[in-house]
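Q: Here you go, this is my_file24.cif (mmCIF, C-alpha atoms and all ligand atoms).
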```cif
data_run
loop_
_atom_site.label_atom_id
_atom_site.label_comp_id
_atom_site.auth_asym_id
_atom_site.auth_seq_id
_atom_site.Cartn_x
_atom_site.Cartn_y
_atom_site.Cartn_z
CA MET A 346 0.63 -39.12 -13.83
CA ASN A 347 2.48 -35.92 -14.61
CA LEU A 348 0.08 -33.31 -13.27
CA THR A 349 1.74 -30.49 -15.18
CA SER A 350 0.62 -32.16 -18.41
CA GLN A 351 -2.92 -31.24 -17.44
CA ARG A 352 -4.01 -27.96 -18.96
CA LEU A 353 -6.46 -27.05 -16.18
CA PHE A 354 -6.19 -27.21 -12.43
CA SER A 355 -7.98 -30.29 -11.20
CA GLN A 356 -11.44 -29.73 -9.80
CA SER A 357 -11.72 -33.20 -8.34
CA SER A 358 -8.61 -33.06 -6.13
CA PRO A 359 -8.58 -29.92 -3.97
CA PRO A 360 -5.51 -27.66 -3.71
CA SER A 361 -3.06 -28.70 -1.00
CA LEU A 362 -3.33 -26.74 2.22
CA ASP A 363 0.02 -28.24 3.32
CA ASP A 364 1.77 -26.82 0.26
CA PHE A 365 0.10 -23.48 0.88
CA HIS A 366 1.16 -23.51 4.52
CA ARG A 367 4.76 -24.25 3.49
CA LEU A 368 4.80 -21.27 1.11
CA CYS A 369 3.21 -18.90 3.60
CA SER A 370 5.53 -19.92 6.45
CA GLU A 371 8.53 -18.14 4.97
CA SER A 372 9.95 -15.08 6.72
CA ALA A 373 11.00 -11.87 4.99
CA LYS A 374 14.58 -11.07 5.97
CA PRO A 375 15.95 -7.50 6.33
CA GLU A 376 19.09 -8.38 4.32
CA THR A 377 16.92 -9.22 1.30
CA TYR A 378 15.37 -5.73 1.31
CA PRO A 379 18.19 -3.43 2.48
CA LEU A 380 16.39 -0.23 1.48
CA ALA A 381 13.34 -0.99 3.63
CA ALA A 382 13.25 0.92 6.93
CA SER A 383 11.78 -2.11 8.68
CA ILE A 384 9.88 -5.32 8.15
CA GLU A 385 6.76 -5.63 10.25
CA LYS A 386 4.76 -8.85 10.31
CA ASN A 387 6.58 -9.90 7.13
CA VAL A 388 5.66 -6.66 5.31
CA PRO A 389 8.58 -4.44 4.21
CA ILE A 390 8.01 -0.78 5.07
CA TYR A 391 9.75 1.87 2.97
CA ASN A 392 10.17 5.24 4.60
CA LEU A 393 10.00 7.45 1.53
CA SER A 394 11.26 10.51 3.41
CA GLU A 395 14.70 8.87 3.12
CA TYR A 396 14.44 8.89 -0.66
CA GLU A 397 12.62 12.09 -1.60
CA ASP A 398 15.91 13.73 -2.65
CA ALA A 399 16.60 10.87 -5.05
CA LEU A 400 13.51 11.85 -7.06
CA ALA A 401 15.12 15.07 -8.22
CA SER A 402 18.27 13.50 -9.63
CA ASP A 403 19.45 10.52 -11.62
CA ASP A 404 20.12 8.74 -8.38
CA PRO A 405 20.42 4.97 -8.96
CA THR A 406 18.58 4.48 -5.67
CA ILE A 407 15.25 4.69 -7.49
CA ALA A 408 16.18 1.72 -9.68
CA LYS A 409 17.33 -0.18 -6.60
CA LEU A 410 14.02 0.52 -4.88
CA GLN A 411 12.21 -0.73 -7.97
CA ASP A 412 14.32 -3.91 -7.92
CA GLU A 413 13.29 -4.55 -4.32
CA TRP A 414 9.61 -3.85 -4.98
CA TYR A 415 9.64 -6.16 -7.99
CA GLN A 416 11.23 -8.97 -5.97
CA ILE A 417 8.75 -8.49 -3.13
CA LEU A 418 5.79 -8.72 -5.49
CA LEU A 419 7.19 -11.61 -7.51
CA SER A 420 8.76 -13.99 -5.04
CA GLY A 421 8.75 -12.26 -1.65
CA PRO A 422 5.92 -11.34 0.71
CA GLY A 423 3.85 -9.85 -2.14
CA VAL A 424 3.08 -6.58 -0.34
CA PHE A 425 4.90 -3.47 0.88
CA VAL A 426 4.09 -0.11 2.42
CA LEU A 427 5.31 3.26 1.11
CA LYS A 428 5.31 5.38 4.25
CA GLY A 429 4.57 9.05 3.61
CA MET A 430 3.85 8.62 -0.11
CA TYR A 431 1.26 11.42 0.03
CA THR A 432 2.61 13.14 3.16
CA ASN A 433 6.28 14.02 2.79
CA GLN A 434 5.91 16.65 0.11
CA PRO A 435 3.47 19.50 0.92
CA GLN A 436 2.11 19.59 -2.65
CA PHE A 437 1.04 15.94 -2.38
CA SER A 438 -0.31 16.14 1.15
CA SER A 439 -2.51 19.06 0.17
CA ALA A 440 -3.56 17.25 -3.04
CA ARG A 441 -4.49 14.26 -0.86
CA ASP A 442 -6.66 16.37 1.47
CA ASN A 443 -8.28 18.22 -1.42
CA ALA A 444 -8.92 14.84 -3.04
CA THR A 445 -10.61 13.69 0.18
CA ARG A 446 -12.94 16.70 -0.02
CA ALA A 447 -13.63 15.98 -3.69
CA PHE A 448 -14.48 12.36 -2.80
CA GLU A 449 -16.89 13.58 -0.11
CA ARG A 450 -18.60 15.86 -2.63
CA ILE A 451 -18.92 13.00 -5.10
CA ILE A 452 -20.40 10.73 -2.43
CA SER A 453 -23.01 13.29 -1.43
CA HIS A 454 -23.74 14.12 -5.09
CA GLU A 455 -24.30 10.45 -5.89
CA LYS A 456 -26.56 10.07 -2.86
CA THR A 457 -28.84 12.78 -4.20
CA LEU A 458 -29.07 10.80 -7.45
CA GLN A 459 -30.18 7.67 -5.65
CA LYS A 460 -33.85 7.47 -4.95
CA ASN A 461 -33.64 6.28 -1.37
CA GLY A 462 -30.63 8.43 -0.50
CA ASP A 463 -28.89 5.36 0.90
CA SER A 464 -25.31 4.40 0.20
CA LYS A 465 -25.07 1.95 -2.68
CA GLY A 466 -22.87 -0.68 -1.06
CA ASP A 467 -20.79 -2.89 -3.26
CA HIS A 468 -19.91 -6.49 -3.92
CA PHE A 469 -18.56 -7.03 -0.42
CA ALA A 470 -20.63 -4.85 1.88
CA GLY A 471 -24.32 -4.21 2.16
CA LYS A 472 -25.96 -0.82 1.92
CA GLY A 473 -25.12 1.49 4.78
CA ALA A 474 -21.95 -0.34 5.85
CA ASN A 475 -19.71 1.53 3.46
CA GLU A 476 -19.54 4.19 0.78
CA ARG A 477 -18.09 3.35 -2.59
CA ILE A 478 -17.08 5.57 -5.48
CA TRP A 479 -16.65 3.54 -8.62
CA ASN A 480 -14.21 5.18 -11.03
CA SER A 481 -13.08 7.77 -8.51
CA PHE A 482 -10.30 8.45 -11.04
CA GLY A 483 -12.56 9.84 -13.78
CA LYS A 484 -14.94 11.56 -11.34
CA HIS A 485 -12.14 13.22 -9.37
CA ALA A 486 -10.78 14.76 -12.60
CA LEU A 487 -14.15 16.39 -13.35
CA VAL A 488 -14.90 17.54 -9.82
CA ASP A 489 -11.51 19.03 -8.92
CA PRO A 490 -9.03 18.99 -11.81
CA ALA A 491 -6.41 20.87 -9.78
CA SER A 492 -6.11 18.33 -6.96
CA PHE A 493 -6.56 15.48 -9.45
CA SER A 494 -3.63 16.68 -11.55
CA GLU A 495 -1.42 17.13 -8.50
CA TYR A 496 -2.45 13.79 -6.98
CA TYR A 497 -1.63 11.77 -10.09
CA SER A 498 1.61 13.63 -10.76
CA ASN A 499 3.18 11.98 -7.71
CA PRO A 500 6.37 10.35 -9.09
CA TRP A 501 6.25 7.57 -6.50
CA LEU A 502 3.08 6.33 -8.14
CA SER A 503 4.72 6.01 -11.55
CA HIS A 504 7.85 4.46 -10.04
CA VAL A 505 5.87 1.77 -8.30
CA CYS A 506 3.63 1.09 -11.34
CA ASN A 507 6.65 0.89 -13.64
CA SER A 508 8.39 -1.49 -11.27
CA TRP A 509 5.71 -4.15 -11.72
CA LEU A 510 3.97 -3.39 -15.02
CA GLY A 511 6.49 -1.51 -17.12
CA PRO A 512 5.37 1.62 -18.96
CA ALA A 513 2.05 2.19 -20.76
CA TYR A 514 -0.12 1.16 -17.84
CA ARG A 515 -3.65 2.45 -17.18
CA VAL A 516 -4.65 3.73 -13.74
CA THR A 517 -8.13 3.16 -12.37
CA ALA A 518 -9.25 3.98 -8.84
CA GLN A 519 -12.17 3.34 -6.53
CA VAL A 520 -12.82 5.00 -3.19
CA ASN A 521 -13.97 2.90 -0.27
CA VAL A 522 -15.20 4.36 3.03
CA VAL A 523 -15.81 1.77 5.70
CA LYS A 524 -18.02 2.94 8.53
CA PRO A 525 -18.13 1.74 12.15
CA GLN A 526 -19.51 -1.79 12.32
CA GLY A 527 -18.56 -2.35 8.66
CA LYS A 528 -17.78 -6.06 8.44
CA ALA A 529 -14.59 -7.67 7.16
CA GLN A 530 -14.48 -8.93 3.60
CA ASN A 531 -14.01 -12.59 2.85
CA PRO A 532 -10.41 -13.34 1.87
CA HIS A 533 -9.93 -13.23 -1.87
CA ARG A 534 -7.63 -12.47 -4.75
CA ASP A 535 -8.36 -9.62 -7.14
CA TYR A 536 -8.95 -8.84 -10.77
CA HIS A 537 -8.87 -10.62 -13.23
CA LEU A 538 -9.74 -14.11 -12.01
CA GLY A 539 -10.94 -12.89 -8.63
CA PHE A 540 -13.88 -11.35 -10.49
CA GLN A 541 -14.94 -14.66 -12.01
CA ASP A 542 -17.15 -17.22 -10.36
CA GLN A 543 -15.57 -20.58 -9.64
CA PRO A 544 -16.77 -22.44 -12.77
CA HIS A 545 -15.52 -19.71 -15.10
CA CYS A 546 -12.23 -19.33 -13.23
CA ALA A 547 -11.59 -23.07 -13.48
CA GLN A 548 -11.78 -22.95 -17.29
CA TYR A 549 -8.66 -20.78 -17.57
CA PRO A 550 -5.45 -22.77 -18.15
CA ARG A 551 -2.75 -22.94 -15.49
CA GLY A 552 -0.43 -20.61 -17.39
CA ALA A 553 -3.11 -17.93 -17.69
CA GLN A 554 -3.90 -18.24 -13.96
CA VAL A 555 -0.26 -17.67 -13.08
CA ALA A 556 0.22 -14.93 -15.70
CA SER A 557 -2.82 -13.02 -14.45
CA GLN A 558 -0.80 -11.52 -11.58
CA PHE A 559 1.48 -9.73 -14.07
CA LEU A 560 -1.41 -7.83 -15.62
CA THR A 561 -2.45 -5.78 -12.58
CA LEU A 562 -0.97 -3.98 -9.62
CA GLN A 563 -3.19 -3.45 -6.60
CA GLY A 564 -2.70 -0.52 -4.26
CA ALA A 565 -4.33 1.90 -1.89
CA VAL A 566 -3.66 5.36 -0.56
CA ALA A 567 -4.88 5.98 2.98
CA HIS A 568 -7.03 9.13 3.11
CA THR A 569 -7.52 8.83 6.86
CA ASP A 570 -5.33 7.28 9.48
CA MET A 571 -6.06 3.58 9.73
CA PRO A 572 -5.57 2.32 13.28
CA LEU A 573 -5.89 -1.44 13.66
CA ALA A 574 -9.36 -1.10 15.19
CA SER A 575 -10.58 0.59 11.99
CA GLY A 576 -9.76 -2.54 9.98
CA PRO A 577 -6.87 -1.88 7.57
CA THR A 578 -6.44 -4.54 4.89
CA ARG A 579 -5.78 -8.06 6.13
CA LEU A 580 -2.91 -9.68 4.25
CA LEU A 581 -1.36 -13.12 3.95
CA PRO A 582 2.28 -12.59 2.95
CA PHE A 583 3.73 -15.00 0.36
CA SER A 584 0.29 -16.34 -0.62
CA GLN A 585 0.55 -14.84 -4.13
CA ARG A 586 3.04 -17.59 -5.00
CA PHE A 587 0.46 -20.38 -4.73
CA GLU A 588 -0.24 -21.29 -8.34
CA ASP A 589 -3.79 -22.57 -7.93
CA GLY A 590 -4.66 -19.81 -5.47
CA TYR A 591 -7.44 -18.32 -7.63
CA LEU A 592 -9.37 -21.54 -7.09
CA ALA A 593 -8.04 -22.28 -3.61
CA TYR A 594 -9.15 -19.05 -1.94
CA ARG A 595 -12.78 -20.08 -2.46
CA GLU A 596 -12.32 -23.26 -0.37
CA ASP A 597 -13.50 -23.21 3.25
CA SER A 598 -10.21 -24.65 4.52
CA PHE A 599 -8.21 -21.84 2.85
CA GLN A 600 -10.59 -19.18 4.14
CA GLN A 601 -10.13 -20.59 7.63
CA TYR A 602 -6.35 -20.69 7.22
CA PHE A 603 -6.42 -17.02 6.23
CA LEU A 604 -8.46 -16.08 9.28
CA GLU A 605 -5.96 -17.84 11.55
CA ASN A 606 -2.82 -16.44 9.91
CA TYR A 607 -3.46 -13.03 8.36
CA VAL A 608 -1.57 -9.89 9.38
CA ALA A 609 -2.70 -6.27 9.35
CA LEU A 610 -0.70 -3.09 9.73
CA PRO A 611 -1.89 0.29 10.94
CA LEU A 612 -1.42 3.00 8.33
CA GLU A 613 -1.20 6.75 8.58
CA LYS A 614 -2.99 9.19 6.33
CA GLY A 615 -0.97 9.51 3.12
CA ASP A 616 0.70 6.10 3.29
CA GLY A 617 0.53 3.89 0.24
CA ILE A 618 0.29 0.12 0.23
CA PHE A 619 0.86 -1.99 -2.87
CA PHE A 620 0.42 -5.70 -3.44
CA ASN A 621 0.35 -8.43 -6.02
CA PRO A 622 -3.31 -8.97 -7.06
CA ALA A 623 -2.83 -12.68 -6.37
CA LEU A 624 -2.09 -12.03 -2.68
CA PHE A 625 -4.81 -13.39 -0.40
CA HIS A 626 -6.27 -10.33 1.31
CA ALA A 627 -9.47 -8.84 2.74
CA ALA A 628 -10.59 -5.47 4.07
CA GLY A 629 -10.81 -5.65 7.85
CA ALA A 630 -13.76 -4.95 10.14
CA ASN A 631 -14.22 -1.41 11.41
CA GLU A 632 -14.62 -1.97 15.14
CA THR A 633 -14.42 1.68 16.14
CA ALA A 634 -17.44 3.50 17.51
CA ASP A 635 -17.28 6.60 15.37
CA PHE A 636 -14.43 6.53 12.84
CA ASN A 637 -14.83 6.27 9.07
CA ARG A 638 -11.86 4.68 7.31
CA MET A 639 -11.25 6.03 3.80
CA ALA A 640 -8.94 4.67 1.12
CA ASN A 641 -8.49 5.40 -2.56
CA LEU A 642 -7.97 1.94 -4.03
CA LEU A 643 -5.68 1.94 -7.02
CA GLN A 644 -5.91 -0.76 -9.62
CA ILE A 645 -3.33 -0.33 -12.33
CA SER A 646 -3.49 -2.43 -15.49
CA SER A 647 -0.71 -3.55 -17.79
CA ALA A 648 -0.89 -2.45 -21.42
CA PHE A 649 -0.82 -6.13 -22.37
CA GLY A 650 -4.12 -7.84 -22.92
CA LYS A 651 -5.45 -5.39 -25.46
CA ALA A 652 -6.09 -6.56 -29.01
CA MET A 653 -4.01 -5.15 -31.88
CA GLU A 654 -6.98 -3.92 -33.90
CA SER A 655 -10.26 -2.32 -32.89
CA VAL A 656 -13.13 -4.66 -33.68
CA ASP A 657 -16.68 -3.40 -33.38
CA SER A 658 -18.88 -6.44 -32.86
CA LEU A 659 -22.18 -4.56 -33.20
CA PRO A 660 -22.30 -4.17 -37.01
CA ILE A 661 -20.98 -7.72 -37.35
CA VAL A 662 -23.75 -9.12 -35.16
CA GLU A 663 -26.32 -6.97 -36.96
CA ARG A 664 -25.21 -8.28 -40.36
CA CYS A 665 -24.91 -11.92 -39.27
CA TRP A 666 -27.86 -12.27 -36.85
CA GLY A 667 -30.00 -14.14 -39.37
CA ILE A 668 -27.24 -16.70 -39.90
CA LEU A 669 -26.71 -17.03 -36.16
CA ALA A 670 -30.44 -17.61 -35.62
CA GLU A 671 -30.46 -20.27 -38.34
CA LYS A 672 -27.49 -22.01 -36.80
CA TYR A 673 -29.18 -21.88 -33.41
CA THR A 674 -32.29 -23.59 -34.77
CA ALA A 675 -30.16 -26.23 -36.47
CA SER A 676 -28.02 -26.74 -33.41
CA THR A 677 -30.85 -28.32 -31.44
CA ALA A 678 -30.32 -31.36 -33.64
CA SER A 679 -26.59 -31.84 -33.70
CA LYS A 680 -23.62 -31.53 -31.38
CA LYS A 681 -21.44 -30.53 -34.31
CA GLU A 682 -23.71 -27.61 -35.18
CA LYS A 683 -23.95 -26.58 -31.55
CA LEU A 684 -20.17 -26.40 -31.45
CA GLU A 685 -20.09 -24.38 -34.66
CA LEU A 686 -22.56 -21.91 -33.21
CA SER A 687 -20.60 -21.44 -29.99
CA SER A 688 -17.35 -21.06 -31.98
CA LEU A 689 -18.96 -18.34 -34.07
CA VAL A 690 -20.32 -16.52 -31.00
CA GLN A 691 -16.88 -16.67 -29.36
CA ALA A 692 -15.29 -15.23 -32.51
CA ILE A 693 -17.59 -12.29 -33.16
CA ALA A 694 -18.66 -11.01 -29.73
CA ASP A 695 -16.68 -9.86 -26.73
CA GLY A 696 -16.49 -12.54 -24.03
CA TYR A 697 -15.15 -10.21 -21.38
CA PRO A 698 -17.36 -7.54 -19.79
CA PHE A 699 -14.50 -5.25 -18.75
CA PRO A 700 -13.70 -2.39 -18.79
CA THR A 701 -17.15 -1.24 -17.74
CA ASN A 702 -19.07 1.31 -15.68
CA LEU A 703 -19.48 -0.31 -12.27
CA ASP A 704 -22.16 2.18 -11.18
CA ASN A 705 -24.46 0.89 -13.91
CA ARG A 706 -23.21 -2.68 -14.02
CA PRO A 707 -22.14 -3.47 -10.45
CA PRO A 708 -20.37 -6.70 -9.63
CA ALA A 709 -22.69 -9.14 -7.89
CA PRO A 710 -21.72 -11.02 -4.71
CA SER A 711 -21.28 -14.29 -6.60
CA GLY A 712 -20.33 -14.48 -10.22
CA MET A 713 -19.04 -10.97 -9.84
CA ALA A 714 -18.55 -10.17 -13.51
CA PRO A 715 -21.45 -8.47 -15.32
CA GLU A 716 -22.95 -10.09 -18.44
CA SER A 717 -20.68 -10.22 -21.50
CA GLU A 718 -21.67 -9.64 -25.13
CA GLN A 719 -21.32 -13.36 -25.77
CA GLN A 720 -23.70 -14.18 -22.93
CA LEU A 721 -26.12 -11.57 -24.26
CA LEU A 722 -26.09 -13.16 -27.72
CA VAL A 723 -26.75 -16.60 -26.30
CA ARG A 724 -29.64 -15.18 -24.26
CA GLY A 725 -31.00 -13.51 -27.40
CA LEU A 726 -30.76 -16.69 -29.45
CA GLU A 727 -32.53 -18.68 -26.75
CA ALA A 728 -35.29 -16.08 -26.52
CA GLY A 729 -35.68 -15.79 -30.30
CA TRP A 730 -34.83 -12.10 -30.49
CA THR A 731 -35.18 -10.24 -33.78
CA ARG A 732 -32.22 -8.47 -35.37
CA ALA A 733 -33.59 -5.12 -34.15
CA ARG A 734 -33.91 -6.43 -30.59
CA VAL A 735 -30.37 -7.79 -30.35
CA VAL A 736 -28.96 -4.53 -31.73
CA GLU A 737 -31.02 -2.55 -29.21
CA GLU A 738 -29.84 -4.76 -26.32
CA MET A 739 -26.19 -4.46 -27.39
CA ARG A 740 -26.54 -0.68 -27.63
CA LYS A 741 -28.04 -0.57 -24.14
CA MET A 742 -25.21 -2.71 -22.77
CA ARG A 743 -22.70 -0.32 -24.32
CA SER A 744 -24.36 2.81 -23.03
CA ASP A 745 -24.56 1.25 -19.55
CA ALA A 746 -20.86 0.39 -19.75
CA ALA A 747 -19.77 3.85 -20.92
CA ASP A 748 -18.28 6.40 -18.55
CA VAL A 749 -21.02 9.02 -18.28
CA PHE A 750 -20.44 10.80 -14.98
CA GLU A 751 -21.72 14.38 -15.28
CA TRP A 752 -20.61 17.19 -13.05
CA ASN A 753 -22.10 20.63 -13.53
CA SER A 754 -21.55 22.10 -10.10
FE FE B 801 -9.53 -7.06 -3.05
#
```
Show me the file's structure as structure tokens.
Ligand SMILES: [Fe+2]
A:
Amino acid sequence: MNLTSQRLFSQSSPPSLDDFHRLCSESAKPETYPLAASIEKNVPIYNLSEYEDALASDDPTIAKLQDEWYQILLSGPGVFVLKGMYTNQPQFSSARDNATRAFERIISHEKTLQKNGDSKGDHFAGKGANERIWNSFGKHALVDPASFSEYYSNPWLSHVCNSWLGPAYRVTAQVNVVKPQGKAQNPHRDYHLGFQDQPHCAQYPRGAQVASQFLTLQGAVAHTDMPLASGPTRLLPFSQRFEDGYLAYREDSFQQYFLENYVALPLEKGDGIFFNPALFHAAGANETADFNRMANLLQISSAFGKAMESVDSLPIVERCWGILAEKYTASTASKKEKLELSSLVQAIADGYPFPTNLDNRPPAPSGMAPESEQQLLVRGLEAGWTRARVVEEMRKMRSDAADVFEWNS
């Protein structure tokens, strides 16, 4: 049988660990990345102090750097370090430190808003083990517009985003502070399919699973030094090239392989690290006694993936709810009508719960995506909601998903 004729990755035959091992056994060679200062544990390190002058001119070196970064992300190790990204130029190192102070203010402000005063945790760490700022991008702008504007005017950031995504990208950011005794994450891949549970992920065709990596760039700026004991990100170079990796990383054998083969690099405050979202990776364990590790995680999205026209599903659902309810009643009798109902729901409501407000709609440990409009409609049909009720629930979902951070200080 020609396996490539199958639209979906097989769920009955597991991904091949041997194939994965073959891919991940490659070595990154210095001659492939001549502008890198070094390659450590298969990760090319770019010393940006060598190239700061090139920023101010039409130096072709920038395009050559972008060529190398693109090749690394596409077919090479999948990850590289930009040494001194927020250190070499005084304006960016001071923006970085002022940003750190803004993040600390946001964390303490959000703690006062939480009833128990505890840290909120996130989808990988329990309460108390880390501090998380969802949408640090939007909050930083309100809390300290001066350092925000300086921080995001760093040309290295746009050069690296352009190299993978092209222009018209959208930056989002989340701060993560991992405290002593904070545990390591499980190895995973990232947004988009890394935020789906296994059954949903498996429904996406092979081509979409492979294409997903081109829609996002994953990065982080170190806001503290990150010695190895503090648990900088664990990485498995070359693993982004494994086509069924979004399903494979969930398998015990692949998790074990990661634990036996990952690499980690110490970072200094101000370094940037960027990787393909399909790279197997995991935040490391903070094994220090008294050191908090802070990073601003950057997740940059391609312009592609947005619809051409704005469609507001709420008035459509409001107008058609009676018809939907009728179809639901009829669909208990016939498979054909059931299919018609689900086709209609898929057409009129949003099936994807992003972008969202992760403070109000946090990702859960399993099935990490919050409820979508389509899932809400199905729930409403099953519960026999009135038109008024479904409209109210959709409005609540929207207000929860909106960006509503307020800063009056
Ligand atoms: Fe991740």
Q: Please identify all protein, DNA and RNA residues within 7 Å of ligand FE 801 (chain B), counting all atoms listed in the file, and report them as a VMD selection string.
A: chain A and resid 533 to 535 626 to 627
Q: Those residues with C-alpha atoms, as a short mmCIF file (atom, residue, chain, number, x, y, z; two decimals), keeping the file's coordinate frame please?
A:
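Saved file out_7.cif follows:
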```cif
data_model
loop_
_atom_site.label_atom_id
_atom_site.label_comp_id
_atom_site.auth_asym_id
_atom_site.auth_seq_id
_atom_site.Cartn_x
_atom_site.Cartn_y
_atom_site.Cartn_z
CA HIS A 533 -9.93 -13.23 -1.87
CA ARG A 534 -7.63 -12.47 -4.75
CA ASP A 535 -8.36 -9.62 -7.14
CA HIS A 626 -6.27 -10.33 1.31
CA ALA A 627 -9.47 -8.84 2.74
#
```
Q: Near A:Tyr415, within 9 Å and counting all atoms listed in the file, which residues show up once chain neighbours fewer than 6 positions away are dropped, as a list in words?
A: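 Everything that qualifies: Gly421, Val505, Ser508 and Trp509 of chain A.
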Q: Using all atoms listed in the file, can you tell me which of A:Val662, A:Leu686, A:Leu581, A:Leu502 comes closest to A:Phe437?
A: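 Nearest to A:Phe437: A:Leu502.
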Q: Which residue gives the smallest distance to A:Leu410 among A:Gly429, A:Asn507, A:Gly539, A:Lys386, with all atoms listed in the file counted?
A: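 Under the stated criterion, the closest residue is A:Asn507.
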Q: Neighbourhood query: residues within 10 Å of (-23.2, 0.7, -11.4), file coordinates, counting all atoms listed in the file; return as number ranges by chain.
A: A: 465, 467, 478-479, 701-708, 745-746
Q: Might you pull out every residue within 8 Å of A:Thr517, with all atoms listed in the file counted and same-chain residues fewer than 3 positions away left off, and present them as a PyMOL selection string?
A: chain A and resi 480-482+643-646
Q: Could you dump the residues just selected with C-alpha atoms as a short mmCIF file (atom, residue, chain, number, x, y, z; two decimals), in the coordinates of the input?
A:
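Okay, result17.cif is ready:
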```
data_model
loop_
_atom_site.label_atom_id
_atom_site.label_comp_id
_atom_site.auth_asym_id
_atom_site.auth_seq_id
_atom_site.Cartn_x
_atom_site.Cartn_y
_atom_site.Cartn_z
CA ASN A 480 -14.21 5.18 -11.03
CA SER A 481 -13.08 7.77 -8.51
CA PHE A 482 -10.30 8.45 -11.04
CA LEU A 643 -5.68 1.94 -7.02
CA GLN A 644 -5.91 -0.76 -9.62
CA ILE A 645 -3.33 -0.33 -12.33
CA SER A 646 -3.49 -2.43 -15.49
#
```
Q: Can you measure atom CA of A:Glu588 to atom CA of A:Pro375 for me? One decimal in Å is fine.
A: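 Value for the atom CA of A:Glu588-atom CA of A:Pro375 distance: 25.8 Å.
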Q: Between A:Ala547, A:Ala728, A:Val523, A:Leu427, which is the closest to A:Ala628 once you count all atoms listed in the file?
A: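 Among A:Ala547, A:Ala728, A:Val523, A:Leu427, it is A:Val523 that comes nearest to A:Ala628.
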Q: Could you jot down the atom CA of A:Leu580 to atom CA of A:Cys546 separation for me, Å, one decimal place?
A: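 So the two atoms, atom CA of A:Leu580 and atom CA of A:Cys546, lie 22.0 Å apart.
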